[in-house]
file run13.cif (mmCIF, N, CA and C atoms, pLDDT in the B column; chains and numbers go by the auth columns)
data_target
loop_
_atom_site.group_PDB
_atom_site.id
_atom_site.type_symbol
_atom_site.label_atom_id
_atom_site.label_comp_id
_atom_site.label_asym_id
_atom_site.label_seq_id
_atom_site.Cartn_x
_atom_site.Cartn_y
_atom_site.Cartn_z
_atom_site.B_iso_or_equiv
_atom_site.auth_seq_id
_atom_site.auth_asym_id
ATOM 1 N N MET A 1 13.277 -9.966 -7.605 39.00 1 G
ATOM 2 C CA MET A 1 12.066 -9.727 -6.848 39.00 1 G
ATOM 3 C C MET A 1 10.904 -9.531 -7.826 39.00 1 G
ATOM 4 N N ASP A 2 9.759 -10.100 -7.466 57.00 2 G
ATOM 5 C CA ASP A 2 8.560 -9.948 -8.287 57.00 2 G
ATOM 6 C C ASP A 2 8.011 -8.542 -8.130 57.00 2 G
ATOM 7 N N ARG A 3 7.487 -8.025 -9.218 71.00 3 G
ATOM 8 C CA ARG A 3 6.843 -6.714 -9.185 71.00 3 G
ATOM 9 C C ARG A 3 5.390 -6.898 -9.573 71.00 3 G
ATOM 10 N N ALA A 4 4.543 -6.090 -8.956 75.00 4 G
ATOM 11 C CA ALA A 4 3.120 -6.175 -9.266 75.00 4 G
ATOM 12 C C ALA A 4 2.499 -4.795 -9.159 75.00 4 G
ATOM 13 N N SER A 5 1.454 -4.605 -9.948 79.00 5 G
ATOM 14 C CA SER A 5 0.657 -3.397 -9.877 79.00 5 G
ATOM 15 C C SER A 5 -0.569 -3.741 -9.045 79.00 5 G
ATOM 16 N N ARG A 6 -0.793 -2.996 -7.970 84.00 6 G
ATOM 17 C CA ARG A 6 -1.905 -3.272 -7.071 84.00 6 G
ATOM 18 C C ARG A 6 -2.830 -2.069 -6.988 84.00 6 G
ATOM 19 N N ARG A 7 -4.118 -2.347 -6.921 87.00 7 G
ATOM 20 C CA ARG A 7 -5.125 -1.299 -6.735 87.00 7 G
ATOM 21 C C ARG A 7 -6.099 -1.786 -5.670 87.00 7 G
ATOM 22 N N PHE A 8 -6.499 -0.882 -4.804 90.00 8 G
ATOM 23 C CA PHE A 8 -7.429 -1.184 -3.724 90.00 8 G
ATOM 24 C C PHE A 8 -8.649 -0.272 -3.843 90.00 8 G
ATOM 25 N N GLY A 9 -9.762 -0.768 -3.385 91.00 9 G
ATOM 26 C CA GLY A 9 -10.971 0.042 -3.313 91.00 9 G
ATOM 27 C C GLY A 9 -11.830 -0.450 -2.170 91.00 9 G
ATOM 28 N N LYS A 10 -12.753 0.377 -1.736 92.00 10 G
ATOM 29 C CA LYS A 10 -13.641 0.032 -0.624 92.00 10 G
ATOM 30 C C LYS A 10 -15.080 0.246 -1.072 92.00 10 G
ATOM 31 N N CYS A 11 -15.887 -0.779 -0.900 90.00 11 G
ATOM 32 C CA CYS A 11 -17.296 -0.691 -1.270 90.00 11 G
ATOM 33 C C CYS A 11 -17.984 0.305 -0.346 90.00 11 G
ATOM 34 N N SER A 12 -18.672 1.265 -0.926 89.00 12 G
ATOM 35 C CA SER A 12 -19.334 2.292 -0.120 89.00 12 G
ATOM 36 C C SER A 12 -20.579 1.751 0.589 89.00 12 G
ATOM 37 N N GLU A 13 -21.092 0.625 0.132 87.00 13 G
ATOM 38 C CA GLU A 13 -22.297 0.066 0.751 87.00 13 G
ATOM 39 C C GLU A 13 -21.973 -0.846 1.933 87.00 13 G
ATOM 40 N N CYS A 14 -21.018 -1.787 1.752 89.00 14 G
ATOM 41 C CA CYS A 14 -20.729 -2.751 2.820 89.00 14 G
ATOM 42 C C CYS A 14 -19.333 -2.561 3.415 89.00 14 G
ATOM 43 N N HIS A 15 -18.556 -1.655 2.854 91.00 15 G
ATOM 44 C CA HIS A 15 -17.216 -1.311 3.328 91.00 15 G
ATOM 45 C C HIS A 15 -16.206 -2.447 3.165 91.00 15 G
ATOM 46 N N GLU A 16 -16.506 -3.413 2.316 92.00 16 G
ATOM 47 C CA GLU A 16 -15.564 -4.499 2.031 92.00 16 G
ATOM 48 C C GLU A 16 -14.421 -3.941 1.175 92.00 16 G
ATOM 49 N N ILE A 17 -13.203 -4.358 1.498 93.00 17 G
ATOM 50 C CA ILE A 17 -12.023 -3.930 0.746 93.00 17 G
ATOM 51 C C ILE A 17 -11.840 -4.877 -0.430 93.00 17 G
ATOM 52 N N ILE A 18 -11.623 -4.314 -1.605 92.00 18 G
ATOM 53 C CA ILE A 18 -11.392 -5.094 -2.813 92.00 18 G
ATOM 54 C C ILE A 18 -10.007 -4.732 -3.329 92.00 18 G
ATOM 55 N N CYS A 19 -9.218 -5.750 -3.627 91.00 19 G
ATOM 56 C CA CYS A 19 -7.853 -5.540 -4.109 91.00 19 G
ATOM 57 C C CYS A 19 -7.640 -6.371 -5.362 91.00 19 G
ATOM 58 N N VAL A 20 -6.985 -5.786 -6.346 89.00 20 G
ATOM 59 C CA VAL A 20 -6.565 -6.543 -7.526 89.00 20 G
ATOM 60 C C VAL A 20 -5.063 -6.367 -7.676 89.00 20 G
ATOM 61 N N GLU A 21 -4.439 -7.391 -8.222 86.00 21 G
ATOM 62 C CA GLU A 21 -2.995 -7.367 -8.408 86.00 21 G
ATOM 63 C C GLU A 21 -2.680 -7.941 -9.771 86.00 21 G
ATOM 64 N N LYS A 22 -1.789 -7.280 -10.480 81.00 22 G
ATOM 65 C CA LYS A 22 -1.382 -7.735 -11.807 81.00 22 G
ATOM 66 C C LYS A 22 0.132 -7.731 -11.871 81.00 22 G
ATOM 67 N N ALA A 23 0.690 -8.809 -12.360 77.00 23 G
ATOM 68 C CA ALA A 23 2.138 -8.876 -12.516 77.00 23 G
ATOM 69 C C ALA A 23 2.601 -7.797 -13.486 77.00 23 G
ATOM 70 N N VAL A 24 3.719 -7.174 -13.175 75.00 24 G
ATOM 71 C CA VAL A 24 4.273 -6.114 -14.005 75.00 24 G
ATOM 72 C C VAL A 24 5.468 -6.679 -14.772 75.00 24 G
ATOM 73 N N THR A 25 5.492 -6.413 -16.049 71.00 25 G
ATOM 74 C CA THR A 25 6.615 -6.826 -16.876 71.00 25 G
ATOM 75 C C THR A 25 7.373 -5.589 -17.323 71.00 25 G
ATOM 76 N N ASP A 26 8.588 -5.791 -17.779 71.00 26 G
ATOM 77 C CA ASP A 26 9.337 -4.669 -18.326 71.00 26 G
ATOM 78 C C ASP A 26 8.632 -4.225 -19.598 71.00 26 G
ATOM 79 N N GLY A 27 8.319 -2.983 -19.659 72.00 27 G
ATOM 80 C CA GLY A 27 7.617 -2.468 -20.816 72.00 27 G
ATOM 81 C C GLY A 27 6.649 -1.393 -20.405 72.00 27 G
ATOM 82 N N PRO A 28 5.605 -1.191 -21.197 77.00 28 G
ATOM 83 C CA PRO A 28 4.645 -0.123 -20.921 77.00 28 G
ATOM 84 C C PRO A 28 3.933 -0.326 -19.582 77.00 28 G
ATOM 85 N N SER A 29 3.447 0.753 -19.033 74.00 29 G
ATOM 86 C CA SER A 29 2.728 0.725 -17.768 74.00 29 G
ATOM 87 C C SER A 29 1.486 -0.146 -17.874 74.00 29 G
ATOM 88 N N THR A 30 1.213 -0.886 -16.811 74.00 30 G
ATOM 89 C CA THR A 30 0.014 -1.727 -16.778 74.00 30 G
ATOM 90 C C THR A 30 -1.056 -1.131 -15.871 74.00 30 G
ATOM 91 N N GLN A 31 -0.876 0.117 -15.450 77.00 31 G
ATOM 92 C CA GLN A 31 -1.831 0.741 -14.527 77.00 31 G
ATOM 93 C C GLN A 31 -3.243 0.769 -15.115 77.00 31 G
ATOM 94 N N GLY A 32 -3.361 1.057 -16.392 82.00 32 G
ATOM 95 C CA GLY A 32 -4.682 1.086 -17.033 82.00 32 G
ATOM 96 C C GLY A 32 -5.370 -0.262 -16.965 82.00 32 G
ATOM 97 N N GLN A 33 -4.622 -1.329 -17.221 83.00 33 G
ATOM 98 C CA GLN A 33 -5.187 -2.674 -17.147 83.00 33 G
ATOM 99 C C GLN A 33 -5.591 -3.005 -15.715 83.00 33 G
ATOM 100 N N THR A 34 -4.770 -2.604 -14.755 83.00 34 G
ATOM 101 C CA THR A 34 -5.082 -2.877 -13.357 83.00 34 G
ATOM 102 C C THR A 34 -6.348 -2.122 -12.952 83.00 34 G
ATOM 103 N N ASN A 35 -6.498 -0.880 -13.401 85.00 35 G
ATOM 104 C CA ASN A 35 -7.717 -0.113 -13.111 85.00 35 G
ATOM 105 C C ASN A 35 -8.945 -0.800 -13.695 85.00 35 G
ATOM 106 N N GLU A 36 -8.815 -1.320 -14.907 87.00 36 G
ATOM 107 C CA GLU A 36 -9.926 -2.045 -15.533 87.00 36 G
ATOM 108 C C GLU A 36 -10.277 -3.299 -14.734 87.00 36 G
ATOM 109 N N MET A 37 -9.251 -3.987 -14.219 87.00 37 G
ATOM 110 C CA MET A 37 -9.484 -5.180 -13.407 87.00 37 G
ATOM 111 C C MET A 37 -10.229 -4.812 -12.120 87.00 37 G
ATOM 112 N N LEU A 38 -9.876 -3.682 -11.507 87.00 38 G
ATOM 113 C CA LEU A 38 -10.552 -3.242 -10.291 87.00 38 G
ATOM 114 C C LEU A 38 -12.008 -2.886 -10.589 87.00 38 G
ATOM 115 N N ASP A 39 -12.245 -2.209 -11.706 90.00 39 G
ATOM 116 C CA ASP A 39 -13.620 -1.880 -12.108 90.00 39 G
ATOM 117 C C ASP A 39 -14.447 -3.156 -12.277 90.00 39 G
ATOM 118 N N GLU A 40 -13.864 -4.150 -12.923 91.00 40 G
ATOM 119 C CA GLU A 40 -14.568 -5.425 -13.129 91.00 40 G
ATOM 120 C C GLU A 40 -14.812 -6.124 -11.794 91.00 40 G
ATOM 121 N N ALA A 41 -13.843 -6.074 -10.898 90.00 41 G
ATOM 122 C CA ALA A 41 -14.012 -6.689 -9.573 90.00 41 G
ATOM 123 C C ALA A 41 -15.161 -6.028 -8.818 90.00 41 G
ATOM 124 N N PHE A 42 -15.270 -4.694 -8.924 91.00 42 G
ATOM 125 C CA PHE A 42 -16.370 -3.993 -8.258 91.00 42 G
ATOM 126 C C PHE A 42 -17.715 -4.342 -8.883 91.00 42 G
ATOM 127 N N ARG A 43 -17.763 -4.463 -10.201 90.00 43 G
ATOM 128 C CA ARG A 43 -19.013 -4.857 -10.854 90.00 43 G
ATOM 129 C C ARG A 43 -19.445 -6.248 -10.381 90.00 43 G
ATOM 130 N N THR A 44 -18.497 -7.168 -10.309 90.00 44 G
ATOM 131 C CA THR A 44 -18.789 -8.524 -9.844 90.00 44 G
ATOM 132 C C THR A 44 -19.216 -8.508 -8.385 90.00 44 G
ATOM 133 N N HIS A 45 -18.516 -7.756 -7.561 90.00 45 G
ATOM 134 C CA HIS A 45 -18.867 -7.633 -6.141 90.00 45 G
ATOM 135 C C HIS A 45 -20.301 -7.122 -5.987 90.00 45 G
ATOM 136 N N THR A 46 -20.639 -6.103 -6.748 89.00 46 G
ATOM 137 C CA THR A 46 -21.980 -5.527 -6.664 89.00 46 G
ATOM 138 C C THR A 46 -23.034 -6.555 -7.046 89.00 46 G
ATOM 139 N N LYS A 47 -22.783 -7.314 -8.103 86.00 47 G
ATOM 140 C CA LYS A 47 -23.728 -8.349 -8.520 86.00 47 G
ATOM 141 C C LYS A 47 -23.884 -9.419 -7.445 86.00 47 G
ATOM 142 N N LEU A 48 -22.757 -9.867 -6.884 86.00 48 G
ATOM 143 C CA LEU A 48 -22.790 -10.968 -5.920 86.00 48 G
ATOM 144 C C LEU A 48 -23.330 -10.563 -4.558 86.00 48 G
ATOM 145 N N LYS A 49 -23.001 -9.380 -4.109 87.00 49 G
ATOM 146 C CA LYS A 49 -23.323 -8.996 -2.736 87.00 49 G
ATOM 147 C C LYS A 49 -24.534 -8.084 -2.596 87.00 49 G
ATOM 148 N N HIS A 50 -24.851 -7.316 -3.624 84.00 50 G
ATOM 149 C CA HIS A 50 -25.834 -6.258 -3.437 84.00 50 G
ATOM 150 C C HIS A 50 -27.007 -6.284 -4.406 84.00 50 G
ATOM 151 N N SER A 51 -27.053 -7.225 -5.321 79.00 51 G
ATOM 152 C CA SER A 51 -28.145 -7.283 -6.280 79.00 51 G
ATOM 153 C C SER A 51 -29.269 -8.158 -5.739 79.00 51 G
ATOM 154 N N GLN A 52 -30.474 -7.613 -5.673 69.00 52 G
ATOM 155 C CA GLN A 52 -31.638 -8.354 -5.193 69.00 52 G
ATOM 156 C C GLN A 52 -32.070 -9.428 -6.193 69.00 52 G
ATOM 157 N N ASP A 53 -31.818 -9.193 -7.470 58.00 53 G
ATOM 158 C CA ASP A 53 -32.282 -10.099 -8.518 58.00 53 G
ATOM 159 C C ASP A 53 -31.210 -11.078 -8.967 58.00 53 G
ATOM 160 N N PHE A 54 -30.071 -11.089 -8.298 57.00 54 G
ATOM 161 C CA PHE A 54 -28.953 -11.896 -8.759 57.00 54 G
ATOM 162 C C PHE A 54 -29.187 -13.379 -8.503 57.00 54 G
ATOM 163 N N ASN A 55 -28.847 -14.202 -9.489 58.00 55 G
ATOM 164 C CA ASN A 55 -28.980 -15.646 -9.394 58.00 55 G
ATOM 165 C C ASN A 55 -27.576 -16.244 -9.435 58.00 55 G
ATOM 166 N N LEU A 56 -27.071 -16.729 -8.286 58.00 56 G
ATOM 167 C CA LEU A 56 -25.717 -17.262 -8.216 58.00 56 G
ATOM 168 C C LEU A 56 -25.514 -18.431 -9.169 58.00 56 G
ATOM 169 N N ALA A 57 -26.549 -19.188 -9.441 58.00 57 G
ATOM 170 C CA ALA A 57 -26.434 -20.333 -10.341 58.00 57 G
ATOM 171 C C ALA A 57 -26.073 -19.901 -11.754 58.00 57 G
ATOM 172 N N ALA A 58 -26.320 -18.637 -12.101 60.00 58 G
ATOM 173 C CA ALA A 58 -26.020 -18.145 -13.446 60.00 58 G
ATOM 174 C C ALA A 58 -24.541 -17.827 -13.628 60.00 58 G
ATOM 175 N N VAL A 59 -23.782 -17.790 -12.527 62.00 59 G
ATOM 176 C CA VAL A 59 -22.347 -17.471 -12.600 62.00 59 G
ATOM 177 C C VAL A 59 -21.553 -18.762 -12.642 62.00 59 G
ATOM 178 N N PRO A 60 -20.673 -18.928 -13.628 62.00 60 G
ATOM 179 C CA PRO A 60 -19.849 -20.139 -13.670 62.00 60 G
ATOM 180 C C PRO A 60 -19.034 -20.267 -12.377 62.00 60 G
ATOM 181 N N ALA A 61 -18.859 -21.490 -11.904 62.00 61 G
ATOM 182 C CA ALA A 61 -18.137 -21.740 -10.647 62.00 61 G
ATOM 183 C C ALA A 61 -16.733 -21.144 -10.679 62.00 61 G
ATOM 184 N N THR A 62 -16.106 -21.112 -11.845 63.00 62 G
ATOM 185 C CA THR A 62 -14.741 -20.576 -11.947 63.00 62 G
ATOM 186 C C THR A 62 -14.689 -19.079 -11.729 63.00 62 G
ATOM 187 N N GLU A 63 -15.828 -18.390 -11.807 61.00 63 G
ATOM 188 C CA GLU A 63 -15.864 -16.942 -11.644 61.00 63 G
ATOM 189 C C GLU A 63 -16.415 -16.521 -10.290 61.00 63 G
ATOM 190 N N ARG A 64 -16.789 -17.466 -9.451 59.00 64 G
ATOM 191 C CA ARG A 64 -17.322 -17.133 -8.129 59.00 64 G
ATOM 192 C C ARG A 64 -16.168 -16.852 -7.168 59.00 64 G
ATOM 193 N N HIS A 65 -16.334 -15.804 -6.388 57.00 65 G
ATOM 194 C CA HIS A 65 -15.325 -15.424 -5.400 57.00 65 G
ATOM 195 C C HIS A 65 -16.003 -15.348 -4.054 57.00 65 G
ATOM 196 N N ASP A 66 -16.240 -16.497 -3.462 53.00 66 G
ATOM 197 C CA ASP A 66 -16.912 -16.520 -2.155 53.00 66 G
ATOM 198 C C ASP A 66 -15.927 -16.099 -1.081 53.00 66 G
ATOM 199 N N ALA A 67 -16.357 -15.171 -0.221 44.00 67 G
ATOM 200 C CA ALA A 67 -15.484 -14.688 0.852 44.00 67 G
ATOM 201 C C ALA A 67 -15.784 -15.433 2.132 44.00 67 G
#
call {"tool": "encode", "arguments": {"input": "run13.cif", "output": "structure tokens"}}
result
Amino acid sequence: MDRASRRFGKCSECHEIICVEKAVTDGPSTQGQTNEMLDEAFRTHTKLKHSQDFNLAAVPATERHDA
């Protein structure tokens, strides 16, 4: 069975749920990495959804997460 480390958060402004998942391997805990991924997801969400000055054209297409 596959194992994964999952973290969830909810945007306090728009109440959108954000989830990140990282595959877990045998070895040291990956919780810290998963927390960092969630922080980055929230930063990206804030830029995309809540920034008045944000220019979508400045974000590479591979990094866009349109909902």
call {"tool": "atom_distance", "arguments": {"input": "run13.cif", "atom1": "atom CA of Ser29 of chain G", "atom2": "atom C of Thr44 of chain G"}}
result
25.6 Å
call {"tool": "atom_distance", "arguments": {"input": "run13.cif", "atom1": "atom N of Ile18 of chain G", "atom2": "atom N of Arg3 of chain G"}}
result
20.9 Å
call {"tool": "closest_residue", "arguments": {"input": "run13.cif", "among": "G:Glu13, G:Leu48, G:Met37, G:Ser5", "to": "Thr25 of chain G", "atoms": "only N, CA and C atoms"}}
result
G:Ser5
call {"tool": "atom_distance", "arguments": {"input": "run13.cif", "atom1": "atom C of Ser12 of chain G", "atom2": "atom C of Asp39 of chain G"}}
result
15.1 Å
call {"tool": "closest_residue", "arguments": {"input": "run13.cif", "among": "G:Val20, G:His45, G:Asp26, G:His50", "to": "Arg7 of chain G", "atoms": "only N, CA and C atoms"}}
result
G:Val20
call {"tool": "closest_residue", "arguments": {"input": "run13.cif", "among": "G:Cys11, G:Ala4, G:Glu36, G:Arg43", "to": "Val24 of chain G", "atoms": "only C-alpha atoms"}}
result
G:Ala4
call {"tool": "decode", "arguments": {"input": "run13.cif", "residues": "segment 20-56 of chain G", "atoms": "N, CA and C atoms", "output": "mmCIF file, in the first residue's frame"}}
result
data_model
loop_
_atom_site.group_PDB
_atom_site.id
_atom_site.type_symbol
_atom_site.label_atom_id
_atom_site.label_comp_id
_atom_site.auth_asym_id
_atom_site.auth_seq_id
_atom_site.Cartn_x
_atom_site.Cartn_y
_atom_site.Cartn_z
ATOM 1 N N VAL G 20 -1.897 19.364 0.397
ATOM 2 C CA VAL G 20 -0.667 18.900 -0.249
ATOM 3 C C VAL G 20 -0.423 17.468 0.201
ATOM 4 N N GLU G 21 0.195 16.711 -0.683
ATOM 5 C CA GLU G 21 0.476 15.311 -0.392
ATOM 6 C C GLU G 21 1.875 14.997 -0.874
ATOM 7 N N LYS G 22 2.621 14.292 -0.048
ATOM 8 C CA LYS G 22 3.985 13.906 -0.397
ATOM 9 C C LYS G 22 4.150 12.425 -0.116
ATOM 10 N N ALA G 23 4.708 11.719 -1.065
ATOM 11 C CA ALA G 23 4.963 10.297 -0.865
ATOM 12 C C ALA G 23 5.927 10.106 0.299
ATOM 13 N N VAL G 24 5.672 9.100 1.109
ATOM 14 C CA VAL G 24 6.504 8.807 2.268
ATOM 15 C C VAL G 24 7.366 7.588 1.944
ATOM 16 N N THR G 25 8.633 7.703 2.234
ATOM 17 C CA THR G 25 9.545 6.585 2.048
ATOM 18 C C THR G 25 10.003 6.097 3.411
ATOM 19 N N ASP G 26 10.545 4.902 3.441
ATOM 20 C CA ASP G 26 11.105 4.408 4.691
ATOM 21 C C ASP G 26 12.313 5.270 5.023
ATOM 22 N N GLY G 27 12.314 5.806 6.188
ATOM 23 C CA GLY G 27 13.405 6.670 6.589
ATOM 24 C C GLY G 27 12.897 7.785 7.462
ATOM 25 N N PRO G 28 13.611 8.901 7.485
ATOM 26 C CA PRO G 28 13.238 10.016 8.355
ATOM 27 C C PRO G 28 11.861 10.582 8.001
ATOM 28 N N SER G 29 11.247 11.214 8.963
ATOM 29 C CA SER G 29 9.938 11.824 8.781
ATOM 30 C C SER G 29 9.988 12.893 7.700
ATOM 31 N N THR G 30 8.934 12.952 6.903
ATOM 32 C CA THR G 30 8.848 13.974 5.857
ATOM 33 C C THR G 30 7.853 15.067 6.231
ATOM 34 N N GLN G 31 7.405 15.085 7.483
ATOM 35 C CA GLN G 31 6.402 16.068 7.905
ATOM 36 C C GLN G 31 6.893 17.501 7.687
ATOM 37 N N GLY G 32 8.150 17.760 7.972
ATOM 38 C CA GLY G 32 8.700 19.107 7.772
ATOM 39 C C GLY G 32 8.628 19.533 6.321
ATOM 40 N N GLN G 33 8.967 18.625 5.413
ATOM 41 C CA GLN G 33 8.898 18.932 3.986
ATOM 42 C C GLN G 33 7.453 19.167 3.560
ATOM 43 N N THR G 34 6.538 18.364 4.086
ATOM 44 C CA THR G 34 5.132 18.522 3.735
ATOM 45 C C THR G 34 4.619 19.871 4.238
ATOM 46 N N ASN G 35 5.018 20.274 5.441
ATOM 47 C CA ASN G 35 4.623 21.588 5.967
ATOM 48 C C ASN G 35 5.145 22.710 5.079
ATOM 49 N N GLU G 36 6.379 22.575 4.614
ATOM 50 C CA GLU G 36 6.952 23.579 3.711
ATOM 51 C C GLU G 36 6.171 23.640 2.400
ATOM 52 N N MET G 37 5.747 22.473 1.900
ATOM 53 C CA MET G 37 4.960 22.429 0.670
ATOM 54 C C MET G 37 3.615 23.134 0.872
ATOM 55 N N LEU G 38 2.992 22.947 2.035
ATOM 56 C CA LEU G 38 1.720 23.603 2.322
ATOM 57 C C LEU G 38 1.909 25.117 2.413
ATOM 58 N N ASP G 39 2.986 25.551 3.056
ATOM 59 C CA ASP G 39 3.285 26.988 3.137
ATOM 60 C C ASP G 39 3.438 27.582 1.735
ATOM 61 N N GLU G 40 4.152 26.877 0.876
ATOM 62 C CA GLU G 40 4.351 27.352 -0.502
ATOM 63 C C GLU G 40 3.025 27.370 -1.259
ATOM 64 N N ALA G 41 2.195 26.364 -1.050
ATOM 65 C CA ALA G 41 0.881 26.325 -1.710
ATOM 66 C C ALA G 41 0.031 27.517 -1.283
ATOM 67 N N PHE G 42 0.088 27.873 0.010
ATOM 68 C CA PHE G 42 -0.672 29.030 0.487
ATOM 69 C C PHE G 42 -0.128 30.332 -0.090
ATOM 70 N N ARG G 43 1.187 30.451 -0.193
ATOM 71 C CA ARG G 43 1.768 31.653 -0.796
ATOM 72 C C ARG G 43 1.310 31.792 -2.251
ATOM 73 N N THR G 44 1.331 30.691 -2.983
ATOM 74 C CA THR G 44 0.890 30.700 -4.379
ATOM 75 C C THR G 44 -0.594 31.018 -4.468
ATOM 76 N N HIS G 45 -1.393 30.408 -3.617
ATOM 77 C CA HIS G 45 -2.836 30.673 -3.587
ATOM 78 C C HIS G 45 -3.101 32.161 -3.348
ATOM 79 N N THR G 46 -2.397 32.730 -2.394
ATOM 80 C CA THR G 46 -2.588 34.144 -2.073
ATOM 81 C C THR G 46 -2.246 35.019 -3.269
ATOM 82 N N LYS G 47 -1.151 34.712 -3.949
ATOM 83 C CA LYS G 47 -0.765 35.482 -5.131
ATOM 84 C C LYS G 47 -1.814 35.366 -6.232
ATOM 85 N N LEU G 48 -2.285 34.139 -6.477
ATOM 86 C CA LEU G 48 -3.214 33.904 -7.583
ATOM 87 C C LEU G 48 -4.620 34.409 -7.309
ATOM 88 N N LYS G 49 -5.083 34.269 -6.094
ATOM 89 C CA LYS G 49 -6.487 34.555 -5.801
ATOM 90 C C LYS G 49 -6.735 35.898 -5.128
ATOM 91 N N HIS G 50 -5.756 36.420 -4.412
ATOM 92 C CA HIS G 50 -6.041 37.562 -3.554
ATOM 93 C C HIS G 50 -5.152 38.778 -3.775
ATOM 94 N N SER G 51 -4.213 38.718 -4.692
ATOM 95 C CA SER G 51 -3.327 39.848 -4.929
ATOM 96 C C SER G 51 -3.915 40.754 -6.004
ATOM 97 N N GLN G 52 -4.078 42.030 -5.689
ATOM 98 C CA GLN G 52 -4.612 43.003 -6.638
ATOM 99 C C GLN G 52 -3.609 43.305 -7.754
ATOM 100 N N ASP G 53 -2.326 43.191 -7.453
ATOM 101 C CA ASP G 53 -1.283 43.558 -8.408
ATOM 102 C C ASP G 53 -0.733 42.362 -9.168
ATOM 103 N N PHE G 54 -1.325 41.195 -8.983
ATOM 104 C CA PHE G 54 -0.764 39.985 -9.565
ATOM 105 C C PHE G 54 -0.989 39.929 -11.070
ATOM 106 N N ASN G 55 0.043 39.518 -11.798
ATOM 107 C CA ASN G 55 -0.016 39.381 -13.244
ATOM 108 C C ASN G 55 0.138 37.899 -13.576
ATOM 109 N N LEU G 56 -0.959 37.233 -13.983
ATOM 110 C CA LEU G 56 -0.922 35.804 -14.261
ATOM 111 C C LEU G 56 0.079 35.463 -15.356
#
